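As structure tokens, the structure follows; a few thoughts come after it.
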Amino acid sequence: MNASVNRQILLVEKPGGKLGPEHFKLVNGAVPEPKDGEALLRTRLISLDAANRAWMHGATYRSAVEANSVMAGGSISEVMSSKAPNFAPGDLVFADTGWQDYAALPAKQLTKMPKVEPMSYLLSVFGIAGLTAYFGLLHVGKPREGETVVVSAAAGSVGSIVGQIAKIKGCRVVGIAGGKDKCNWLTSELGFDAAVDYKDGATFKALRAAAPKGIDVYFDNVGGDILEACIAQMNNFGRIACCGAISQYDGVPSAHGPRGVPGLIVVKRLTMQGFIVMDYMDQSQQALAELQAWVKSGKLKVQEDIISGLENTPAALIGLLAGENRGKRMVRV
């Protein structure tokens, strides 16, 4: 990497429909100088998430990404130089550096990370993906042994971990994913009890066959029609953890959300709760200790999808939105 040039990927315009390569541009900028209280970071691994696409629509839990600015995104980065106490060259941090080689950020925006091999685990199972799965399932979904847990986008970064934690907790686990290969992988490799291929078109019927006793906990990553199919099959006092709505992010959202929801929520006494992992960060140490123990014992398998080269980041995100990935997708810069 040339230390005098800062390659940056800009979002040149906000997409009206589906995201495409034409919405991005690779430019060469200057390497920033850290000010007092800041550290100069070199990006090592960029996290790719469906939420990256949602940020282009407008403000969410973070401000919107504006046209002609560096595309936003979290990364694992290395401190190159520091004008901030508590950060020294060689430290690894998680930060919202955006899609670029270098960034200078205030220390308060950096989260120091432990040295872990492989480093990529800091973005997947020991990063936002693993913590999102852990807190969303256990603190919002509250599964009990013997219950049926259904998770959508089950072959993705969060869903693949949710299903495995539910199995560790003694639940019957059904994954919803796109394509036979992904569904076979969930049952043969990750230990899911059943998998439903939403691309088959008969999701409701397949779900009923896979979860004959109904659904106690539904971990929702997609919203839309799949959420509708799951709500209709929830048991009384079921819990729905709302993590994301991938079906609504890219292109033209479906005209309707789930239909008939208010009545079903009342009749079945359902709890439906949205959550953001940042709300639970004060409890992250305990969560990481459990995740690390499960990985070490082999109960939790880690699946990653690592693409090399900053220049390939736009195509990697477009592919993620199309469902190309298995497990956590990231870019090695």
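FYI, nothing fancy with the structure tokens labels: chains A, B, ... in order, residues from 1 per chain, ligands from 1 as they appear.
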
Check: Got a sec: who's within 8 Å of stretch 160-175 of chain A, counting only C-alpha atoms, leaving out chain neighbours fewer than 2 positions off, as a PyMOL selection string?
Finding: chain A and resi 125+130+133-134+137+143-158+177+183+186+190-196+210-211+219+299-302+327

Notebook entry, point to check: Got a sec: who's within 6 Å of A:Gly37, counting only C-alpha atoms, leaving out chain neighbours fewer than 4 positions off, as a PyMOL selection string?
Noted result: chain A and resi 83-84+106

Mind dumping the selected residues with N, CA, C and O atoms as a PDB file, in the first residue's frame?
ATOM      1  N   LYS A  83      -2.312  10.863  18.321  1.00  0.00           N
ATOM      2  CA  LYS A  83      -2.208  12.061  19.153  1.00  0.00           C
ATOM      3  C   LYS A  83      -3.283  11.993  20.240  1.00  0.00           C
ATOM      4  O   LYS A  83      -3.818  13.003  20.678  1.00  0.00           O
ATOM      5  N   ALA A  84      -3.610  10.759  20.598  1.00  0.00           N
ATOM      6  CA  ALA A  84      -4.631  10.524  21.618  1.00  0.00           C
ATOM      7  C   ALA A  84      -4.062   9.596  22.674  1.00  0.00           C
ATOM      8  O   ALA A  84      -3.389   8.609  22.350  1.00  0.00           O
ATOM      9  N   PRO A 106     -11.341  10.840  15.879  1.00  0.00           N
ATOM     10  CA  PRO A 106     -11.203  11.101  17.306  1.00  0.00           C
ATOM     11  C   PRO A 106     -11.203   9.802  18.105  1.00  0.00           C
ATOM     12  O   PRO A 106     -11.922   8.849  17.755  1.00  0.00           O
TER      13      PRO A 106
END

Check: Tell me, which residues of stretch 20-124 of chain A carry DSSP helix (DSSP H, G or I), written as a ChimeraX atom specification?
Finding: /A:21-23,51-54,107-109,119-122

Check: For A:Lys180, which residue among A:Asp282, A:Asp197, A:Val331, A:Gln109 is the nearest when counting only C-alpha atoms?
Finding: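 Closest residue, counting only C-alpha atoms: A:Asp197.
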
Next item on the list: Within 12 Å of A:Ser308, counting only C-alpha atoms, which residues show up once you throw out same-chain ones fewer than 6 positions away? Write them as a count of residues only, please.
Entry: 11

Note to self: Please compute the atom CA of A:Glu228-atom CA of A:Leu207 distance, one decimal, in Å.
What the structure shows: 11.8 Å

Checklist line | Minimum-distance residue to A:Asn6, chosen among A:Ser81, A:Gln100, A:Ser120, A:Ser69 (using only C-alpha atoms) | finding: A:Gln100
